[in-house]
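Pasted below: upload_30.txt, compact mmCIF, C-alpha atoms and all ligand atoms.
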# COMPACT_ATOMS: atom_id res chain seq x y z
CA MET A 1 6.05 8.35 94.85
CA SER A 2 6.33 4.67 95.80
CA VAL A 3 6.24 3.69 99.48
CA GLY A 4 9.38 1.66 98.69
CA TYR A 5 11.24 4.88 97.81
CA VAL A 6 14.46 5.63 99.67
CA PRO A 7 16.87 8.53 98.93
CA VAL A 8 19.68 6.18 97.88
CA GLN A 9 17.75 4.11 95.38
CA TRP A 10 18.82 0.53 95.79
CA ASN A 11 16.56 -2.47 95.95
CA ARG A 12 16.81 -6.13 94.96
CA HIS A 13 15.43 -5.49 91.45
CA LYS A 14 18.00 -2.76 90.79
CA ARG A 15 20.87 -4.89 92.10
CA ILE A 16 19.89 -7.72 89.73
CA TYR A 17 19.54 -5.23 86.85
CA ASP A 18 22.97 -3.73 87.57
CA ALA A 19 24.60 -7.14 87.99
CA CYS A 20 23.18 -8.22 84.60
CA THR A 21 24.40 -4.95 83.00
CA LEU A 22 27.93 -5.27 84.40
CA GLY A 23 28.05 -9.02 83.65
CA GLY A 24 26.90 -8.37 80.06
CA ILE A 25 29.50 -5.63 79.54
CA ALA A 26 32.30 -7.82 80.96
CA ALA A 27 31.21 -10.79 78.79
CA TYR A 28 31.08 -8.60 75.65
CA LEU A 29 34.54 -7.10 76.28
CA ALA A 30 36.09 -10.53 77.02
CA ALA A 31 34.47 -12.11 73.91
CA PHE A 32 35.59 -9.20 71.67
CA PHE A 33 39.13 -9.37 73.04
CA LEU A 34 39.44 -13.14 72.67
CA ALA A 35 37.89 -13.12 69.17
CA GLY A 36 40.25 -10.31 68.13
CA LYS A 37 43.26 -12.31 69.34
CA ALA A 38 42.07 -15.50 67.64
CA LEU A 39 41.11 -13.92 64.30
CA TYR A 40 44.09 -11.60 63.83
CA ARG A 41 47.39 -13.40 64.20
CA GLY A 42 50.96 -12.98 63.00
CA ALA A 43 51.46 -9.96 60.73
CA HIS A 44 47.78 -8.99 61.17
CA ALA A 45 47.84 -9.15 64.99
CA ILE A 46 46.22 -6.15 66.70
CA SER A 47 47.91 -4.63 69.74
CA ASP A 48 46.18 -4.93 73.14
CA PRO A 49 45.42 -1.19 73.55
CA ILE A 50 43.83 -0.98 70.07
CA LEU A 51 41.81 -4.13 70.71
CA ALA A 52 40.66 -2.75 74.10
CA MET A 53 39.76 0.60 72.50
CA ARG A 54 37.68 -1.11 69.81
CA ALA A 55 36.02 -3.45 72.31
CA LEU A 56 35.04 -0.49 74.56
CA GLY A 57 33.95 1.71 71.62
CA THR A 58 31.68 -0.92 70.04
CA CYS A 59 30.36 -1.94 73.48
CA ALA A 60 29.30 1.67 74.28
CA TYR A 61 27.82 2.00 70.80
CA VAL A 62 25.75 -1.20 71.19
CA LEU A 63 24.65 -0.11 74.70
CA LEU A 64 23.40 3.18 73.28
CA HIS A 65 21.25 1.24 70.80
CA VAL A 66 19.81 -0.81 73.65
CA ILE A 67 19.02 2.39 75.59
CA LEU A 68 17.33 4.00 72.57
CA SER A 69 15.35 0.85 71.73
CA ILE A 70 13.95 0.19 75.23
CA GLY A 71 11.50 3.15 75.11
CA PRO A 72 9.67 2.20 71.87
CA LEU A 73 9.87 -1.53 72.68
CA ALA A 74 8.16 -0.96 76.03
CA ARG A 75 5.45 1.04 74.22
CA LEU A 76 4.90 -1.79 71.74
CA ASP A 77 5.01 -4.65 74.25
CA ARG A 78 4.55 -4.39 78.02
CA ARG A 79 6.94 -7.31 78.57
CA PHE A 80 9.83 -4.90 77.91
CA LEU A 81 8.76 -2.61 80.77
CA PRO A 82 11.14 -4.20 83.33
CA LEU A 83 14.03 -3.04 81.10
CA LEU A 84 12.78 0.54 81.23
CA TYR A 85 12.94 0.56 84.99
CA ASN A 86 16.45 1.65 85.97
CA ARG A 87 17.42 2.59 82.40
CA ARG A 88 19.43 5.44 83.91
CA HIS A 89 22.00 3.02 85.34
CA LEU A 90 22.45 1.67 81.82
CA GLY A 91 23.10 5.23 80.62
CA VAL A 92 25.73 5.87 83.30
CA ALA A 93 27.41 2.53 82.48
CA THR A 94 27.47 3.51 78.79
CA PHE A 95 29.21 6.78 79.64
CA PHE A 96 31.97 5.00 81.60
CA VAL A 97 32.53 2.40 78.86
CA ALA A 98 32.69 5.21 76.24
CA LEU A 99 35.10 7.14 78.51
CA GLY A 100 37.41 4.10 78.56
CA HIS A 101 37.38 3.98 74.74
CA ALA A 102 37.98 7.73 74.43
CA ALA A 103 40.81 7.71 77.01
CA ILE A 104 42.68 4.90 75.23
CA ALA A 105 42.08 6.46 71.78
CA THR A 106 43.27 9.90 72.94
CA GLY A 107 46.30 8.44 74.72
CA PHE A 108 47.23 6.16 71.83
CA TYR A 109 46.79 8.63 68.96
CA HIS A 110 47.60 11.91 70.72
CA GLY A 111 49.55 11.04 73.86
CA PHE A 112 53.08 10.61 72.58
CA GLY A 113 53.86 14.16 71.43
CA ILE A 114 54.72 17.32 73.32
CA VAL A 115 51.26 18.87 72.80
CA ASN A 116 48.53 18.25 75.38
CA PRO A 117 46.58 15.16 74.11
CA LEU A 118 43.21 16.95 74.24
CA LEU A 119 44.61 19.99 72.41
CA SER A 120 46.22 17.68 69.87
CA LEU A 121 42.84 15.90 69.35
CA LEU A 122 41.19 19.26 68.64
CA THR A 123 43.92 20.81 66.49
CA SER A 124 45.90 18.05 64.72
CA ASN A 125 43.28 17.57 62.00
CA THR A 126 41.18 20.51 60.78
CA ASN A 127 39.99 19.03 57.48
CA TYR A 128 36.37 19.90 58.22
CA SER A 129 35.59 20.38 54.52
CA SER A 130 36.71 16.87 53.54
CA LEU A 131 34.51 13.81 53.96
CA THR A 132 37.32 11.28 53.69
CA ALA A 133 39.68 13.15 56.05
CA PHE A 134 37.07 14.67 58.40
CA PRO A 135 38.24 14.90 62.06
CA PHE A 136 35.80 12.20 63.17
CA GLN A 137 37.34 12.00 66.64
CA VAL A 138 36.00 15.47 67.47
CA LEU A 139 32.47 14.13 66.87
CA GLY A 140 33.21 11.38 69.39
CA LEU A 141 34.41 14.01 71.88
CA LEU A 142 31.19 16.05 71.47
CA ALA A 143 29.06 12.94 71.95
CA LEU A 144 31.08 12.01 75.04
CA ALA A 145 30.47 15.50 76.49
CA ILE A 146 26.70 14.97 76.05
CA LEU A 147 26.84 11.50 77.62
CA PHE A 148 28.76 13.03 80.54
CA LEU A 149 26.15 15.77 81.00
CA MET A 150 23.38 13.17 81.04
CA ALA A 151 25.19 10.80 83.41
CA ALA A 152 26.07 13.68 85.77
CA THR A 153 22.45 14.89 85.94
CA SER A 154 20.82 11.46 85.98
CA HIS A 155 20.01 11.49 89.72
CA ASP A 156 16.58 12.63 90.92
CA PHE A 157 18.35 15.50 92.74
CA TRP A 158 18.86 17.16 89.34
CA LEU A 159 15.37 16.28 88.16
CA LYS A 160 13.97 18.15 91.16
CA ASN A 161 16.31 21.14 90.83
CA LEU A 162 16.15 21.61 87.06
CA GLY A 163 12.41 20.86 86.84
CA ALA A 164 10.92 17.98 84.83
CA ALA A 165 10.61 19.92 81.54
CA ALA A 166 14.23 21.22 81.50
CA TRP A 167 15.56 17.84 82.67
CA LYS A 168 13.65 16.05 79.92
CA ARG A 169 14.92 18.51 77.27
CA LEU A 170 18.49 17.97 78.48
CA HIS A 171 18.11 14.19 78.31
CA MET A 172 16.60 14.34 74.82
CA LEU A 173 20.14 15.33 73.79
CA VAL A 174 20.79 11.58 73.72
CA TYR A 175 19.50 11.72 70.12
CA ALA A 176 22.09 14.41 69.24
CA ALA A 177 24.78 12.21 70.84
CA TYR A 178 23.54 9.25 68.81
CA ALA A 179 23.65 11.23 65.54
CA LEU A 180 27.20 12.42 66.35
CA LEU A 181 28.28 8.84 67.09
CA VAL A 182 26.80 7.44 63.88
CA MET A 183 28.89 10.07 62.02
CA HIS A 184 31.92 9.34 64.25
CA VAL A 185 31.85 5.65 63.42
CA ALA A 186 30.81 6.05 59.73
CA LEU A 187 33.52 8.65 58.98
CA GLY A 188 35.99 6.58 61.03
CA ILE A 189 35.21 3.58 58.81
CA LEU A 190 35.91 5.71 55.70
CA GLN A 191 39.32 6.65 57.07
CA THR A 192 40.45 3.47 58.74
CA GLN A 193 39.07 1.12 56.03
CA ARG A 194 37.62 -1.12 58.75
CA GLN A 195 35.84 -4.42 58.21
CA ALA A 196 32.40 -4.90 56.71
CA TRP A 197 30.95 -5.98 60.09
CA LEU A 198 31.39 -2.46 61.45
CA THR A 199 29.50 -1.00 58.47
CA THR A 200 26.77 -3.61 59.09
CA LEU A 201 26.62 -2.58 62.76
CA VAL A 202 26.09 1.06 61.79
CA VAL A 203 23.46 0.38 59.08
CA VAL A 204 21.51 -2.24 61.07
CA GLY A 205 21.70 -0.06 64.22
CA VAL A 206 20.29 3.05 62.52
CA ALA A 207 17.57 0.99 60.78
CA LEU A 208 16.58 -0.66 64.07
CA VAL A 209 16.40 2.57 66.10
CA ALA A 210 14.59 4.47 63.31
CA SER A 211 12.04 1.72 62.59
CA LEU A 212 11.23 1.06 66.27
CA HIS A 213 10.64 4.78 66.87
CA THR A 214 8.54 5.09 63.70
CA ILE A 215 6.33 2.06 64.50
CA ALA A 216 5.80 3.15 68.13
CA GLY A 217 5.15 6.76 67.01
CA LEU A 218 2.58 5.71 64.36
CA ARG A 219 0.78 3.59 66.94
CA GLU A 220 0.59 6.54 69.33
CA ILE A 221 -0.70 8.83 66.55
CA ALA A 222 -3.40 6.27 65.55
CA HIS A 223 -4.43 6.01 69.24
CA ASP A 224 -4.74 9.79 69.53
CA VAL A 225 -6.62 10.15 66.22
CA ARG A 226 -9.17 7.54 67.39
CA GLY A 227 -9.45 9.41 70.69
CA ARG A 228 -10.07 12.80 69.07
CA ARG A 229 -13.26 11.39 67.55
CA ARG A 230 -14.60 10.93 71.10
CA THR A 231 -16.73 13.95 71.90
CA PRO A 232 -19.22 14.65 74.74
CA ARG A 233 -22.69 13.01 74.56
CA GLY A 234 -25.88 15.02 74.41
CA ASP A 235 -26.26 15.17 78.24
CA GLY A 236 -23.37 17.51 79.02
CA SER A 237 -19.67 16.81 79.31
CA TRP A 238 -19.65 13.00 79.68
CA VAL A 239 -17.66 11.09 77.05
CA ASP A 240 -17.90 7.36 76.30
CA VAL A 241 -14.33 5.97 76.44
CA GLY A 242 -14.84 2.22 76.23
CA CYS A 243 -16.09 -0.90 77.94
CA VAL A 244 -15.14 -2.21 81.42
CA ASP A 245 -14.43 -5.63 79.87
CA GLU A 246 -11.49 -4.13 77.92
CA ILE A 247 -9.57 -3.58 81.19
CA ALA A 248 -8.32 -6.51 83.27
CA GLU A 249 -8.60 -6.33 87.07
CA ASN A 250 -5.71 -4.33 88.60
CA ARG A 251 -4.66 -3.05 85.18
CA GLY A 252 -5.08 0.24 83.38
CA CYS A 253 -5.41 1.64 79.89
CA THR A 254 -4.89 5.02 78.25
CA VAL A 255 -7.64 6.92 76.44
CA THR A 256 -7.66 10.16 74.48
CA VAL A 257 -10.60 12.52 74.30
CA ALA A 258 -11.00 15.50 71.92
CA GLY A 259 -9.40 18.60 73.44
CA SER A 260 -8.00 16.79 76.47
CA GLU A 261 -4.63 15.37 77.50
CA ARG A 262 -4.35 11.57 77.72
CA ILE A 263 -6.33 10.02 80.56
CA ALA A 264 -5.51 6.78 82.43
CA LEU A 265 -8.36 4.42 83.43
CA PHE A 266 -7.92 1.74 86.09
CA ARG A 267 -10.02 -1.26 87.12
CA HIS A 268 -9.54 -2.21 90.77
CA GLY A 269 -11.69 -3.94 93.39
CA GLY A 270 -14.72 -3.99 91.08
CA CYS A 271 -14.45 -0.24 90.38
CA ILE A 272 -13.22 2.09 87.64
CA SER A 273 -11.14 5.22 88.41
CA ALA A 274 -9.56 7.81 86.12
CA THR A 275 -6.42 9.93 86.60
CA THR A 276 -4.08 11.87 84.36
CA ASN A 277 -1.82 9.61 82.31
CA ILE A 278 1.23 11.71 83.25
CA CYS A 279 3.32 10.60 86.22
CA ALA A 280 4.51 13.44 88.51
CA HIS A 281 8.04 12.02 88.46
CA GLN A 282 9.19 12.10 84.83
CA GLY A 283 5.94 11.99 82.91
CA GLY A 284 5.76 8.17 82.68
CA PRO A 285 2.56 6.73 81.11
CA LEU A 286 0.49 5.73 84.17
CA GLY A 287 -2.17 3.95 82.09
CA GLU A 288 0.50 1.42 81.10
CA GLY A 289 1.18 0.64 84.76
CA LYS A 290 -0.58 -1.67 87.24
CA ILE A 291 -2.45 -1.45 90.52
CA ILE A 292 -0.08 -2.72 93.20
CA ASP A 293 -1.08 -2.68 96.88
CA GLY A 294 -4.20 -0.75 95.89
CA CYS A 295 -2.16 2.03 94.25
CA VAL A 296 -1.63 3.06 90.63
CA THR A 297 2.04 2.17 90.05
CA CYS A 298 3.98 3.95 87.32
CA PRO A 299 5.62 1.53 84.87
CA TRP A 300 8.79 3.59 84.65
CA HIS A 301 10.16 3.89 88.19
CA GLY A 302 7.35 2.67 90.41
CA TRP A 303 5.95 5.90 91.91
CA GLN A 304 2.50 5.24 93.37
CA TYR A 305 -0.81 7.11 93.63
CA ARG A 306 -4.15 6.16 95.17
CA PRO A 307 -6.65 5.77 92.27
CA ALA A 308 -9.50 7.40 94.21
CA ASP A 309 -7.74 10.72 94.93
CA GLY A 310 -4.47 10.76 92.94
CA GLN A 311 -2.36 11.19 96.09
CA SER A 312 0.82 9.25 96.84
CA PRO A 313 0.42 7.06 99.92
CA PRO A 314 1.98 8.51 103.13
CA PRO A 315 4.69 9.55 103.84
CA PHE A 316 4.84 10.92 100.27
CA ALA A 317 3.00 14.02 99.15
CA GLU A 318 2.89 13.93 95.34
CA LYS A 319 -0.50 14.51 93.74
CA ILE A 320 -1.87 13.97 90.24
CA ALA A 321 -5.08 15.14 88.58
CA THR A 322 -8.17 12.92 88.79
CA TYR A 323 -11.29 12.75 86.58
CA ARG A 324 -14.97 12.16 87.30
CA VAL A 325 -16.03 8.74 86.04
CA ARG A 326 -19.38 6.89 85.79
CA LEU A 327 -20.77 3.75 84.16
CA ALA A 328 -23.67 3.38 81.76
CA GLY A 329 -24.14 -0.38 81.89
CA ARG A 330 -20.71 -1.71 81.00
CA ARG A 331 -19.70 1.45 79.13
CA ILE A 332 -17.27 3.81 80.88
CA GLU A 333 -17.97 7.53 80.71
CA ILE A 334 -15.67 10.26 81.94
CA ASP A 335 -15.84 14.01 82.30
CA PRO A 336 -12.66 15.09 80.45
CA GLN A 337 -12.24 18.19 82.61
CA PRO A 338 -9.27 17.42 84.93
CA LEU A 339 -9.87 18.01 88.63
CA PRO A 340 -7.13 19.71 90.70
CA PRO A 341 -4.34 17.24 91.66
CA GLY A 342 -5.30 15.20 94.72
CA THR A 343 -9.09 15.69 94.38
CA ALA A 344 -11.05 12.71 95.73
CA VAL A 345 -13.49 11.16 93.22
CA GLU A 346 -15.94 8.36 93.98
CA PRO A 347 -14.81 5.36 91.85
CA ALA A 348 -17.54 3.98 89.55
CA ARG A 349 -18.69 0.58 90.82
CA ILE A 350 -19.18 -2.23 88.29
CA GLU A 351 -22.70 -3.38 89.19
CA ASP A 352 -22.62 -7.09 88.30
CA GLY A 353 -19.80 -7.75 90.73
CA LYS A 354 -17.55 -9.28 88.03
CA HIS A 355 -14.18 -8.27 89.43
CA GLY A 356 -12.21 -9.85 86.60
C1 LIG A 401 37.13 11.79 72.89
C2 LIG A 401 36.26 10.98 72.33
C3 LIG A 401 36.59 9.91 71.32
C4 LIG A 401 37.74 9.68 70.59
C5 LIG A 401 39.04 10.46 70.63
C6 LIG A 401 37.51 8.51 69.78
C7 LIG A 401 38.43 7.98 68.91
C8 LIG A 401 38.21 6.92 68.05
C9 LIG A 401 39.14 6.40 67.12
C10 LIG A 401 40.56 6.92 66.92
C11 LIG A 401 38.54 5.39 66.46
C12 LIG A 401 39.13 4.53 65.35
C13 LIG A 401 39.77 3.38 66.04
C14 LIG A 401 40.40 2.39 65.12
O1 LIG A 401 39.68 1.64 64.49
O2 LIG A 401 41.63 2.36 65.06
C15 LIG A 401 37.21 5.26 67.00
C16 LIG A 401 36.30 4.33 66.60
C17 LIG A 401 35.11 4.11 67.23
N1 LIG A 401 34.55 4.85 68.24
FE1 LIG A 401 35.39 6.45 69.11
N2 LIG A 401 36.26 8.06 70.01
C18 LIG A 401 35.66 8.88 70.95
C19 LIG A 401 34.38 8.75 71.48
C20 LIG A 401 33.54 7.70 71.22
C21 LIG A 401 32.28 7.45 71.89
C22 LIG A 401 31.68 8.37 72.96
C23 LIG A 401 31.76 6.29 71.37
C24 LIG A 401 30.51 5.52 71.70
C25 LIG A 401 29.66 5.73 72.67
C26 LIG A 401 32.68 5.83 70.36
C27 LIG A 401 32.49 4.69 69.60
C28 LIG A 401 33.36 4.26 68.61
C29 LIG A 401 33.15 3.07 67.80
C30 LIG A 401 31.93 2.14 67.88
C31 LIG A 401 34.24 2.99 66.93
C32 LIG A 401 34.50 1.91 65.89
C33 LIG A 401 35.27 0.84 66.62
C34 LIG A 401 36.24 0.10 65.74
O3 LIG A 401 37.02 0.75 65.06
O4 LIG A 401 36.24 -1.13 65.83
N3 LIG A 401 33.75 6.70 70.31
N4 LIG A 401 37.04 6.21 67.97
S1 LIG A 402 7.97 6.83 88.38
FE1 LIG A 402 9.35 7.82 87.09
S2 LIG A 402 8.08 8.54 85.52
FE2 LIG A 402 6.73 7.60 86.86
Once more with this new file: its structure as structure tokens, please.
Amino acid sequence: MSVGYVPVQWNRHKRIYDACTLGGIAAYLAAFFLAGKALYRGAHAISDPILAMRALGTCAYVLLHVILSIGPLARLDRRFLPLLYNRRHLGVATFFVALGHAAIATGFYHGFGIVNPLLSLLTSNTNYSSLTAFPFQVLGLLALAILFLMAATSHDFWLKNLGAAAWKRLHMLVYAAYALLVMHVALGILQTQRQAWLTTLVVVGVALVASLHTIAGLREIAHDVRGRRRTPRGDGSWVDVGCVDEIAENRGCTVTVAGSERIALFRHGGCISATTNICAHQGGPLGEGKIIDGCVTCPWHGWQYRPADGQSPPPFAEKIATYRVRLAGRRIEIDPQPLPPGTAVEPARIEDGKHG
């Protein structure tokens, strides 16, 4: 865990991130509203509640694309990493924007009768076998329920109580929510005969999310396939994993070795150290992080570990696995057998004193 960690997680970086998020949402809603008023006049004028509902719905939909694109983008280019940090606040904001859209839609289309609006939403249209009359609003409701579940469990309190694996599985439901929303909007377009730009938004959005995930996934697979060819040398368990010159000072890299999980290598103070690539917080890729204040710093939320023993600096107590490392000239060799979390390992010193 980072020494900067406090239970209520606010810092200057997060405030700036949140201000940009809220400013962006407000600017989008205002622009949508003003454009809607300017473009549709007279007999074609759209009422304020409908315009607000559409502005909020498309805003939440676009935000979800941003959320889903940040992960693969950060994998493909480290410059996107700052966006990954604090992505949870973006998720919570998306839920509230979507809630605004759903509340107006439910009130407007189901709020004027004698039946409870939610009951009316669920029962007024049961044409589940028809594509052109499908109750697309129910899909929106299901997606909203998932977004709520994710927003409600986004705090680290739930991560700790549910356990990292269960929490991660729960938050992978974002892809189910996305699929439901693509159907919600696509089937809505079929029924409401909306403009071509909405169809473009759906098609371009799906293509963007799918291609980014595919490209990032293929790159990871190629990295792992290359790594699986690395096997121990003749003199025991040591495996050659690359050259010291491939790692900049205070940076890391990720390597894969046959039969082993991914390993993170770090160059710091003229030495090389190796730890697991998996952060103890939410499994962030440590090899893609940096050395800050002498500690390995996770690129996702900034938890820190000392490279020489995998322990978080006091007062924190998290520990990660370390690996034995040595140098043969400028080649780095590691023993791919992980040592128990928190085990001290002598870093391998780069002999020529080139500290990068
Ligand atoms: C209870 C849940 C929901 C209900 C009842 C609902 C209802 C509706 C309705 C009636 C429309 C058609 C509006 C029109 O064009 O006249 C619509 C469109 C749309 N909805 Fe939802 N929705 C729900 C949840 C969501 C969620 C969670 C999202 C996104 C995160 C979303 C995104 C959209 C988008 C992008 C459109 C197209 C906007 C447009 O027509 O310009 N909806 N929804
Ligand atoms: S700090 Fe959150 S995953 Fe590493």
CA of Lys168 (chain A) to CA of Cys253 (chain A) measures 23.9 Å
Requested in this report: Kindly provide, as an MDAnalysis selection string, all nucleotide and amino acid residues lying within 6 Å of ligand LIG 402 (chain A), counting all atoms listed in the file.
Outcome: chainID A and resid 279 281:284 298 300:303
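Residues in contact with Thr132 (chain A) at 8 Å, where only C-alpha atoms are counted and same-chain residues fewer than 3 positions away are skipped, are listed as Leu187, Leu190 and Gln191 of chain A.
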note - CA of Ile46 (chain A) and CA of Asn127 (chain A) are separated by 27.5 Å
Problem - Surroundings of ligand LIG 401 (chain A) up to 7 Å, based on only C-alpha atoms and all ligand atoms, as JSON, numbers by chain - result: {"A": [50, 54, 55, 57, 58, 60, 61, 64, 94, 98, 99, 101, 102, 103, 105, 106, 109, 121, 137, 138, 140, 141, 143, 144, 181, 184, 185, 188, 192, 194, 198]}
Would you tabulate, counting all atoms listed in the file, all residues of region 187-283 of chain A that have an atom at most 8 Å from an atom of region 315-324 of chain A, showing the closest pair of atoms and their distance in Å to one decimal, sorted by chain then ascending number, as a Markdown table?
| residue | atom | partner | partner_atom | distance |
| --- | --- | --- | --- | --- |
| A:Ser273 | CA | A:Tyr323 | CA | 7.8 |
| A:Ala274 | CA | A:Tyr323 | CA | 5.3 |
| A:Thr275 | CA | A:Thr322 | CA | 4.1 |
| A:Thr276 | CA | A:Ala321 | CA | 5.4 |
| A:Ile278 | CA | A:Ile320 | CA | 8.0 |
| A:Cys279 | CA | A:Ile320 | CA | 7.4 |
| A:Ala280 | CA | A:Ile320 | CA | 6.6 |
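For the atom pair formed by CA of Val92 (chain A) and CA of Thr153 (chain A), the distance is 10.0 Å, given to one decimal.
Shortest atom-to-atom contact with Ser211 (chain A) among A:Ser69, A:Asn277, A:Ser120, A:Ser129: A:Ser69, counting all atoms listed in the file.
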- Task: Extract, using only C-alpha atoms, all DNA, RNA and protein residues at most 12 Å from region 239-244 of chain A, discarding same-chain residues fewer than 3 positions from it, and format them as a ChimeraX atom specification.
- Result: /A:226-236,247-249,251-260,262-268,270-274,323-337,348-356
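Remark: for Gly269 (chain A), the closest of the candidate residues A:Ala164, A:Leu339, A:Ile291, A:Leu83 is A:Ile291 (distances computed over only C-alpha atoms).
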Please return, as a PDB file with C-alpha atoms, in the frame of the given file, all polymer residues that have at least one atom within 12 Å of the point (14.0, 0.7, 74.1); use all atoms listed in the file and the file's own coordinate frame.
ATOM      1  CA  LEU A  63      24.650  -0.110  74.700  1.00  0.00           C
ATOM      2  CA  LEU A  64      23.400   3.180  73.280  1.00  0.00           C
ATOM      3  CA  HIS A  65      21.250   1.240  70.800  1.00  0.00           C
ATOM      4  CA  VAL A  66      19.810  -0.810  73.650  1.00  0.00           C
ATOM      5  CA  ILE A  67      19.020   2.390  75.590  1.00  0.00           C
ATOM      6  CA  LEU A  68      17.330   4.000  72.570  1.00  0.00           C
ATOM      7  CA  SER A  69      15.350   0.850  71.730  1.00  0.00           C
ATOM      8  CA  ILE A  70      13.950   0.190  75.230  1.00  0.00           C
ATOM      9  CA  GLY A  71      11.500   3.150  75.110  1.00  0.00           C
ATOM     10  CA  PRO A  72       9.670   2.200  71.870  1.00  0.00           C
ATOM     11  CA  LEU A  73       9.870  -1.530  72.680  1.00  0.00           C
ATOM     12  CA  ALA A  74       8.160  -0.960  76.030  1.00  0.00           C
ATOM     13  CA  ARG A  75       5.450   1.040  74.220  1.00  0.00           C
ATOM     14  CA  LEU A  76       4.900  -1.790  71.740  1.00  0.00           C
ATOM     15  CA  ASP A  77       5.010  -4.650  74.250  1.00  0.00           C
ATOM     16  CA  ARG A  78       4.550  -4.390  78.020  1.00  0.00           C
ATOM     17  CA  ARG A  79       6.940  -7.310  78.570  1.00  0.00           C
ATOM     18  CA  PHE A  80       9.830  -4.900  77.910  1.00  0.00           C
ATOM     19  CA  LEU A  81       8.760  -2.610  80.770  1.00  0.00           C
ATOM     20  CA  PRO A  82      11.140  -4.200  83.330  1.00  0.00           C
ATOM     21  CA  LEU A  83      14.030  -3.040  81.100  1.00  0.00           C
ATOM     22  CA  LEU A  84      12.780   0.540  81.230  1.00  0.00           C
ATOM     23  CA  TYR A  85      12.940   0.560  84.990  1.00  0.00           C
ATOM     24  CA  ARG A  87      17.420   2.590  82.400  1.00  0.00           C
ATOM     25  CA  LEU A  90      22.450   1.670  81.820  1.00  0.00           C
ATOM     26  CA  LEU A 208      16.580  -0.660  64.070  1.00  0.00           C
ATOM     27  CA  VAL A 209      16.400   2.570  66.100  1.00  0.00           C
ATOM     28  CA  ALA A 210      14.590   4.470  63.310  1.00  0.00           C
ATOM     29  CA  SER A 211      12.040   1.720  62.590  1.00  0.00           C
ATOM     30  CA  LEU A 212      11.230   1.060  66.270  1.00  0.00           C
ATOM     31  CA  HIS A 213      10.640   4.780  66.870  1.00  0.00           C
ATOM     32  CA  ALA A 216       5.800   3.150  68.130  1.00  0.00           C
TER      33      ALA A 216
END
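Minimum distance to Pro299 (chain A) across A:His44, A:Thr199, A:Pro340, A:Pro285 (counting only C-alpha atoms) occurs at A:Pro285.
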Writing N, CA, C and O atoms and nothing else, produce region 259-268 of chain A as a PDB file, in the first residue's frame.
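Dumped everything to decode-v3.pdb:
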ATOM      1  N   GLY A 259       5.959 -22.001 -17.385  1.00  0.00           N
ATOM      2  CA  GLY A 259       5.483 -22.612 -16.145  1.00  0.00           C
ATOM      3  C   GLY A 259       5.398 -21.667 -14.963  1.00  0.00           C
ATOM      4  O   GLY A 259       5.187 -22.096 -13.830  1.00  0.00           O
ATOM      5  N   SER A 260       5.563 -20.373 -15.189  1.00  0.00           N
ATOM      6  CA  SER A 260       5.547 -19.436 -14.069  1.00  0.00           C
ATOM      7  C   SER A 260       4.535 -18.325 -14.346  1.00  0.00           C
ATOM      8  O   SER A 260       4.197 -18.060 -15.494  1.00  0.00           O
ATOM      9  N   GLU A 261       4.073 -17.667 -13.275  1.00  0.00           N
ATOM     10  CA  GLU A 261       3.214 -16.498 -13.486  1.00  0.00           C
ATOM     11  C   GLU A 261       4.101 -15.344 -13.984  1.00  0.00           C
ATOM     12  O   GLU A 261       5.332 -15.457 -13.972  1.00  0.00           O
ATOM     13  N   ARG A 262       3.501 -14.239 -14.398  1.00  0.00           N
ATOM     14  CA  ARG A 262       4.297 -13.115 -14.884  1.00  0.00           C
ATOM     15  C   ARG A 262       5.151 -12.535 -13.760  1.00  0.00           C
ATOM     16  O   ARG A 262       4.699 -12.465 -12.613  1.00  0.00           O
ATOM     17  N   ILE A 263       6.356 -12.121 -14.120  1.00  0.00           N
ATOM     18  CA  ILE A 263       7.297 -11.601 -13.126  1.00  0.00           C
ATOM     19  C   ILE A 263       7.649 -10.162 -13.517  1.00  0.00           C
ATOM     20  O   ILE A 263       7.796  -9.840 -14.694  1.00  0.00           O
ATOM     21  N   ALA A 264       7.743  -9.270 -12.496  1.00  0.00           N
ATOM     22  CA  ALA A 264       8.105  -7.874 -12.760  1.00  0.00           C
ATOM     23  C   ALA A 264       9.573  -7.665 -12.407  1.00  0.00           C
ATOM     24  O   ALA A 264      10.019  -8.087 -11.341  1.00  0.00           O
ATOM     25  N   LEU A 265      10.330  -7.031 -13.326  1.00  0.00           N
ATOM     26  CA  LEU A 265      11.735  -6.699 -13.076  1.00  0.00           C
ATOM     27  C   LEU A 265      11.841  -5.193 -12.898  1.00  0.00           C
ATOM     28  O   LEU A 265      11.147  -4.443 -13.596  1.00  0.00           O
ATOM     29  N   PHE A 266      12.707  -4.751 -11.991  1.00  0.00           N
ATOM     30  CA  PHE A 266      12.885  -3.310 -11.778  1.00  0.00           C
ATOM     31  C   PHE A 266      14.360  -2.970 -11.758  1.00  0.00           C
ATOM     32  O   PHE A 266      15.179  -3.721 -11.232  1.00  0.00           O
ATOM     33  N   ARG A 267      14.687  -1.796 -12.330  1.00  0.00           N
ATOM     34  CA  ARG A 267      16.050  -1.280 -12.286  1.00  0.00           C
ATOM     35  C   ARG A 267      16.029  -0.047 -11.388  1.00  0.00           C
ATOM     36  O   ARG A 267      15.281   0.906 -11.651  1.00  0.00           O
ATOM     37  N   HIS A 268      16.829  -0.079 -10.337  1.00  0.00           N
ATOM     38  CA  HIS A 268      16.810   1.032  -9.362  1.00  0.00           C
ATOM     39  C   HIS A 268      18.160   1.121  -8.672  1.00  0.00           C
ATOM     40  O   HIS A 268      18.726   0.107  -8.261  1.00  0.00           O
TER      41      HIS A 268
END
